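Participant: I'm passing along final-v1.txt; it holds compact mmCIF, C-alpha atoms.
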# COMPACT_ATOMS: atom_id res chain seq x y z
CA MET A 26 177.24 112.22 87.35
CA ASN A 27 175.21 110.06 85.02
CA THR A 28 176.68 106.67 85.99
CA LEU A 29 177.08 105.87 89.67
CA ASN A 30 180.20 104.13 90.92
CA ASP A 31 179.52 100.41 91.32
CA ARG A 32 181.37 100.44 94.70
CA ALA A 33 182.93 97.03 94.13
CA ALA A 34 185.89 97.92 96.35
CA TRP A 35 183.62 99.20 99.11
CA LEU A 36 181.37 96.15 99.13
CA GLY A 37 184.25 93.70 98.72
CA ALA A 38 186.62 94.91 101.44
CA GLY A 39 188.80 96.86 99.03
CA GLY A 40 190.04 93.82 97.12
CA ALA A 41 187.99 94.46 93.99
CA THR A 42 188.41 97.26 91.47
CA CYS A 43 185.40 99.42 90.70
CA ALA A 44 184.33 98.99 87.07
CA THR A 45 182.76 102.46 86.94
CA LEU A 46 184.77 105.31 88.41
CA PRO A 47 183.44 108.83 88.94
CA ALA A 48 185.00 111.56 86.86
CA PRO A 49 187.41 113.91 88.67
CA ARG A 50 185.67 117.06 89.92
CA VAL A 51 186.78 120.68 90.23
CA ARG A 52 185.81 120.41 93.90
CA THR A 53 185.83 117.02 95.61
CA HIS A 54 183.34 116.65 98.45
CA ARG A 55 183.95 114.38 101.45
CA LEU A 56 180.79 114.24 103.51
CA VAL A 57 179.04 112.41 106.34
CA LEU A 58 175.24 112.15 106.48
CA LEU A 59 173.27 112.05 109.72
CA GLY A 60 169.52 111.83 110.16
CA PRO A 61 166.81 109.99 112.07
CA PRO A 62 164.61 107.23 110.58
CA GLY A 63 162.04 108.79 108.28
CA ALA A 64 164.08 111.90 107.43
CA GLY A 65 164.75 110.70 103.89
CA LYS A 66 168.50 110.34 104.35
CA GLY A 67 168.75 107.47 101.86
CA THR A 68 166.97 109.48 99.15
CA GLN A 69 169.20 112.47 99.80
CA ALA A 70 172.30 110.30 99.62
CA GLU A 71 171.33 109.17 96.12
CA LEU A 72 170.46 112.70 94.96
CA LEU A 73 173.63 114.22 96.43
CA CYS A 74 175.81 111.60 94.78
CA ARG A 75 174.30 112.41 91.40
CA ALA A 76 174.63 116.16 91.95
CA LEU A 77 178.15 116.18 93.39
CA GLY A 78 179.76 113.15 91.74
CA THR A 79 180.55 111.57 95.10
CA CYS A 80 180.61 107.83 95.82
CA HIS A 81 177.92 106.58 98.23
CA LEU A 82 179.69 104.57 100.95
CA SER A 83 176.96 102.95 103.05
CA THR A 84 177.84 100.55 105.87
CA GLY A 85 174.30 99.15 105.60
CA ASP A 86 175.07 98.09 102.02
CA ILE A 87 178.17 96.26 103.26
CA PHE A 88 176.10 94.20 105.67
CA ARG A 89 173.45 93.45 103.04
CA ALA A 90 176.05 92.41 100.45
CA ALA A 91 177.84 90.26 103.04
CA GLN A 92 174.86 87.91 103.27
CA CYS A 93 175.97 86.47 99.92
CA ALA A 94 179.75 86.73 100.45
CA ALA A 95 181.53 83.39 100.09
CA GLU A 96 184.54 84.42 102.19
CA PRO A 97 183.78 87.44 104.41
CA SER A 98 186.71 89.14 106.12
CA PRO A 99 187.33 88.49 109.85
CA ALA A 100 185.83 91.88 110.75
CA LEU A 101 182.77 91.19 108.64
CA ARG A 102 182.33 87.72 110.15
CA ASP A 103 182.41 89.30 113.62
CA ALA A 104 179.86 91.91 112.58
CA LEU A 105 177.47 89.38 111.06
CA ALA A 106 177.69 87.10 114.10
CA THR A 107 176.88 90.04 116.36
CA MET A 108 173.91 91.06 114.22
CA ARG A 109 172.52 87.52 114.20
CA ARG A 110 172.52 87.58 117.99
CA GLY A 111 170.47 90.77 117.81
CA ASP A 112 173.23 92.87 119.38
CA LEU A 113 174.70 96.18 118.21
CA VAL A 114 177.96 95.85 116.29
CA PRO A 115 180.76 97.21 118.56
CA ASP A 116 182.60 100.36 117.56
CA ASN A 117 185.92 98.56 117.08
CA VAL A 118 184.36 96.07 114.62
CA VAL A 119 182.65 98.81 112.57
CA VAL A 120 185.88 100.82 112.47
CA ALA A 121 187.75 97.70 111.32
CA LEU A 122 185.24 97.24 108.48
CA VAL A 123 185.80 100.81 107.27
CA ARG A 124 189.57 100.52 107.70
CA GLU A 125 189.53 97.47 105.38
CA ARG A 126 188.07 99.81 102.76
CA ALA A 127 190.28 102.85 103.45
CA GLY A 128 191.19 103.10 99.77
CA CYS A 129 187.58 104.04 98.98
CA LEU A 130 188.02 107.19 101.05
CA ARG A 131 190.52 108.37 98.41
CA CYS A 132 187.91 108.01 95.62
CA GLN A 133 188.68 110.68 93.02
CA GLY A 134 185.06 111.80 93.05
CA GLY A 135 184.95 112.16 96.84
CA PHE A 136 182.70 110.20 99.15
CA LEU A 137 179.48 110.37 101.10
CA LEU A 138 179.54 108.23 104.28
CA ASP A 139 176.11 106.92 105.29
CA GLY A 140 175.64 104.88 108.47
CA PHE A 141 179.14 105.61 109.74
CA PRO A 142 180.07 107.09 112.11
CA ARG A 143 177.22 106.43 114.56
CA THR A 144 179.03 107.28 117.80
CA GLN A 145 181.62 109.80 118.91
CA ALA A 146 184.18 107.00 119.27
CA GLN A 147 183.60 106.05 115.62
CA ALA A 148 183.88 109.72 114.60
CA GLU A 149 187.21 110.04 116.38
CA ALA A 150 188.44 106.85 114.69
CA LEU A 151 187.33 108.26 111.31
CA ASP A 152 189.35 111.42 111.97
CA VAL A 153 192.44 109.30 112.60
CA LEU A 154 191.82 107.23 109.46
CA LEU A 155 191.32 110.31 107.28
CA THR A 156 194.51 111.87 108.65
CA GLU A 157 196.41 108.69 107.77
CA GLN A 158 195.04 108.98 104.22
CA GLY A 159 195.95 112.68 103.99
CA LEU A 160 192.29 113.70 103.80
CA THR A 161 189.91 115.97 105.67
CA LEU A 162 186.15 115.87 106.12
CA ASP A 163 184.39 118.78 104.40
CA ALA A 164 181.04 118.73 106.19
CA VAL A 165 178.49 116.69 108.12
CA LEU A 166 174.94 117.15 106.82
CA SER A 167 172.47 116.52 109.64
CA TYR A 168 168.89 116.12 108.39
CA GLU A 169 166.36 117.28 110.95
CA LEU A 170 162.60 116.73 111.05
CA PRO A 171 159.96 117.38 113.75
CA LEU A 172 158.93 114.24 115.62
CA GLU A 173 155.29 114.39 114.53
CA GLU A 174 156.31 114.59 110.88
CA ILE A 175 158.53 111.55 111.35
CA VAL A 176 155.60 109.71 112.95
CA ALA A 177 153.39 110.67 109.99
CA ARG A 178 155.96 109.50 107.46
CA LEU A 179 156.81 106.17 109.06
CA GLY A 180 153.34 105.54 110.50
CA GLY A 181 151.85 105.68 107.00
CA ARG A 182 154.11 102.97 105.60
CA ARG A 183 152.57 99.67 104.56
CA THR A 184 154.58 96.61 103.53
CA CYS A 185 153.78 93.49 101.57
CA PRO A 186 155.07 90.46 103.53
CA ARG A 187 155.09 88.38 100.33
CA CYS A 188 157.21 90.49 97.94
CA LYS A 189 158.52 93.15 100.37
CA ALA A 190 157.12 96.08 98.34
CA VAL A 191 156.65 99.26 100.39
CA TYR A 192 153.80 101.77 100.09
CA HIS A 193 152.57 104.84 101.95
CA VAL A 194 148.91 105.58 102.60
CA VAL A 195 149.34 109.22 101.55
CA THR A 196 152.40 109.65 99.34
CA ARG A 197 152.46 106.26 97.59
CA PRO A 198 149.15 104.43 98.04
CA PRO A 199 148.44 101.12 96.27
CA ARG A 200 145.87 101.11 93.48
CA ALA A 201 143.51 99.08 95.69
CA GLU A 202 143.49 99.92 99.38
CA GLY A 203 145.36 97.35 101.46
CA THR A 204 146.44 95.27 98.43
CA CYS A 205 149.91 95.05 96.89
CA ASP A 206 150.05 96.22 93.26
CA GLN A 207 152.81 93.73 92.41
CA CYS A 208 151.63 90.41 93.84
CA GLY A 209 148.17 91.02 95.27
CA GLY A 210 149.31 90.31 98.82
CA ARG A 211 147.67 91.92 101.85
CA LEU A 212 149.59 94.99 103.05
CA VAL A 213 150.47 95.29 106.73
CA GLN A 214 151.91 97.88 109.06
CA ARG A 215 155.16 96.74 110.60
CA GLU A 216 155.30 96.74 114.39
CA ASP A 217 158.17 99.24 114.45
CA ASP A 218 156.15 101.62 112.23
CA ARG A 219 153.45 102.07 114.87
CA PRO A 220 153.46 105.55 116.49
CA GLU A 221 154.63 104.47 119.95
CA SER A 222 157.38 102.31 118.48
CA ILE A 223 158.53 105.23 116.34
CA ARG A 224 158.69 107.53 119.37
CA ASN A 225 160.73 104.93 121.25
CA ARG A 226 163.11 104.61 118.30
CA MET A 227 163.47 108.38 118.13
CA ARG A 228 164.31 108.61 121.83
CA ALA A 229 166.99 105.97 121.35
CA TYR A 230 168.29 107.76 118.25
CA GLU A 231 168.44 111.09 120.05
CA GLU A 232 170.33 109.61 123.00
CA SER A 233 172.89 107.88 120.80
CA THR A 234 173.33 110.54 118.12
CA ARG A 235 173.26 113.78 120.12
CA PRO A 236 176.85 113.38 121.39
CA LEU A 237 177.95 112.71 117.80
CA ALA A 238 176.21 115.84 116.50
CA ASP A 239 177.70 117.86 119.36
CA TYR A 240 181.16 116.51 118.51
CA TYR A 241 180.90 117.70 114.90
CA ALA A 242 179.35 121.00 115.98
CA ARG A 243 182.39 121.68 118.17
CA LYS A 244 184.63 120.93 115.20
CA GLY A 245 182.63 123.36 113.06
CA THR A 246 181.67 120.79 110.42
CA LEU A 247 178.00 120.17 111.32
CA ILE A 248 175.42 121.61 108.90
CA PRO A 249 171.78 121.18 110.02
CA VAL A 250 169.35 120.78 107.10
CA LEU A 251 165.56 120.89 107.44
CA ALA A 252 164.24 117.67 105.89
CA SER A 253 160.65 118.88 105.36
CA GLY A 254 159.31 119.23 101.82
CA THR A 255 159.97 117.33 98.62
CA PRO A 256 163.26 115.47 98.07
CA GLU A 257 164.19 118.11 95.48
CA GLU A 258 163.59 120.93 97.97
CA VAL A 259 165.71 119.23 100.61
CA LEU A 260 168.48 118.62 98.04
CA SER A 261 168.40 122.31 97.10
CA ARG A 262 168.84 123.27 100.78
CA SER A 263 171.72 120.82 101.12
CA LEU A 264 173.57 122.13 98.06
CA GLU A 265 173.04 125.74 99.10
CA ALA A 266 174.37 125.00 102.59
CA LEU A 267 177.46 123.35 101.12
CA LYS A 268 177.94 126.29 98.75
CA GLN A 269 177.73 128.78 101.62
CA ARG A 270 180.18 126.75 103.66
CA ALA A 271 182.65 126.62 100.76
CA SER A 272 182.27 130.37 100.28
CA GLY A 273 182.93 130.93 103.97
CA GLU A 274 186.04 128.76 103.83
CA SER A 275 187.33 130.79 100.87
CA THR A 276 186.73 134.02 102.79
CA ARG A 277 188.53 132.70 105.86
CA ALA A 278 191.43 131.57 103.68
CA GLU A 279 191.72 135.05 102.15
CA ILE A 280 191.62 136.63 105.62
CA GLY A 281 194.29 134.22 106.80
CA LYS A 282 196.44 135.02 103.78
CA ALA A 283 196.07 138.76 104.37
CA THR A 284 196.93 138.35 108.03
CA ALA A 285 200.03 136.35 107.15
CA GLU A 286 201.12 139.06 104.71
CA GLU A 287 200.57 141.71 107.38
CA ARG A 288 202.72 139.75 109.82
CA THR A 289 205.47 139.54 107.20
CA VAL A 290 205.38 143.33 106.70
CA LEU A 291 205.50 143.92 110.47
CA ASP A 292 208.43 141.53 110.82
CA ASP A 293 210.29 143.36 108.03
CA GLU A 294 209.61 146.71 109.72
CA ARG A 295 210.91 145.40 113.03
CA ARG A 296 214.11 144.20 111.39
CA LEU A 297 214.62 147.64 109.83
CA VAL A 298 214.22 149.25 113.25
Give the structure from the file, written as structure tokens.

Facilitator:
Amino acid sequence: MNTLNDRAAWLGAGGATCATLPAPRVRTHRLVLLGPPGAGKGTQAELLCRALGTCHLSTGDIFRAAQCAAEPSPALRDALATMRRGDLVPDNVVVALVRERAGCLRCQGGFLLDGFPRTQAQAEALDVLLTEQGLTLDAVLSYELPLEEIVARLGGRRTCPRCKAVYHVVTRPPRAEGTCDQCGGRLVQREDDRPESIRNRMRAYEESTRPLADYYARKGTLIPVLASGTPEEVLSRSLEALKQRASGESTRAEIGKATAEERTVLDDERRLV
């Protein structure tokens, strides 16, 4: 997929028409991405969309785009008001935001949901919405990374308060230590990128996300993916896991077909008796 969908309908509550549509695929993927801060989920979303032809549907992008919206929808107004108070957006409001954009779930190239669902209640609501649209979820890719590696990744980030550029002391250092390449500003470490803050965030993430992961594991759609290594290595693991899952589904379908044929033969034999 050389040109990514512009997601006009997704960002504009479904009222706009996307100028760039993905080409139809032999296999259409409908996926959900899970992963803690620092696991590289955003990078993988971009790489997966290019590899699979899916449309990246990020609830975070909705909120960012809404800051400039002249006439946000009622659900979006509720969400923004909640965020300004510093509170978590309630499940029913997030579900309403996605429901406004239900047409995007039927994207001919498939979709990759990022940032939704975040709770089991949202996952159950998504199941209902997909059923209404005549769709099913193919898989949930859950990116996993050891805590100390997450601390190393996030703890090494440095940000320029002036132009918002982001660096990393190991993987993306500035040309001059502590100085922004773009504007010459002094780089700082954000408070929530300090090791203890990261561990607190991870505990909160684990408590909120574990029931969601368990929910998808019970449904048989959860695919854990080790997020260590380069983005390309993680992408390769993701694609291989999806390929194996698709192969397994084909095998189960063949077994089911054979079993159905066997039942038909047995029924015919019983009628002859």

Participant: Figure out the distance between atom CA of A:His81 and atom CA of A:Leu36, please, to one decimal in Å.

Facilitator: 11.0 Å

Participant: So which residues touch A:Ser233 within 10 Å, counting only C-alpha atoms, skipping near sequence neighbours fewer than 6 positions away, as a list in words?

Facilitator: Arg143, Thr144, Gln145 and Met227 of chain A

Participant: Interatomic distance between atom CA of A:Pro62 and atom CA of A:Tyr230?

Facilitator: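 Between these atoms lies a distance of 8.5 Å.
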
Participant: Between atom CA of A:Ala242 and atom CA of A:Val57, what distance in Å does the model show, to one decimal?

Facilitator: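 Those two atoms sit 12.9 Å apart.
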
Participant: Might you pull out every residue within 10 Å of A:Asn117, with all atoms listed in the file counted and same-chain residues fewer than 5 positions away left off, and present them as a compact mmCIF listing (two decimals) with C-alpha atoms, in the coordinates of the input?

Facilitator:
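Here's the written file out-v4.txt:
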# COMPACT_ATOMS: atom_id res chain seq x y z
CA ALA A 100 185.83 91.88 110.75
CA LEU A 122 185.24 97.24 108.48
CA ALA A 146 184.18 107.00 119.27
CA GLN A 147 183.60 106.05 115.62
CA ALA A 150 188.44 106.85 114.69

Participant: I'd like to know which of A:Gln69, A:Thr79, A:Thr246, A:Gln92 is closest to A:Ala48, using only C-alpha atoms.

Facilitator: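 Of all the options, A:Thr79 lies closest to A:Ala48.
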
Participant: List as a list in words the protein and nucleic acid residues near stretch 195-204 of chain A, meaning an atom at most 9 Å away when only C-alpha atoms are counted, but skip any in the same chain fewer than 2 places from it.

Facilitator: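 Residues meeting the cut-off are Arg178, Gly181, Arg182, Arg183, Cys185, Val191, Tyr192, His193, Asp206, Gln207, Cys208, Gly209, Gly210, Arg211, Leu212 and Val213 of chain A.
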
Participant: Draw an axis-aligned box tight on the listed atoms of stretch 97-112 of chain A, then pad every side by 6 Å and write out centre and edge lengths in Å to one decimal as JSON.

Facilitator:
{"center_x": 178.9, "center_y": 90.0, "center_z": 111.9, "size_x": 28.9, "size_y": 17.8, "size_z": 27.0}

Participant: Can you check which parts of stretch 139-234 of chain A lie within 8 Å of stretch 124-130 of chain A? Per residue, the shortest pair of atoms and distance in Å to one decimal, counting all atoms listed in the file, sorted by chain and number, as CSV.

Facilitator:
residue,atom,partner,partner_atom,distance
A:Leu154,CA,A:Arg124,CA,7.3
A:Leu155,CA,A:Leu130,CA,7.7
A:Gln158,CA,A:Ala127,CA,7.8

Participant: Here is a test: counting all atoms listed in the file, which residue of A:Pro236, A:Pro47, A:Pro99, A:Gly140 is nearest to A:Gly85?

Facilitator: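 Nearest to A:Gly85: A:Gly140.
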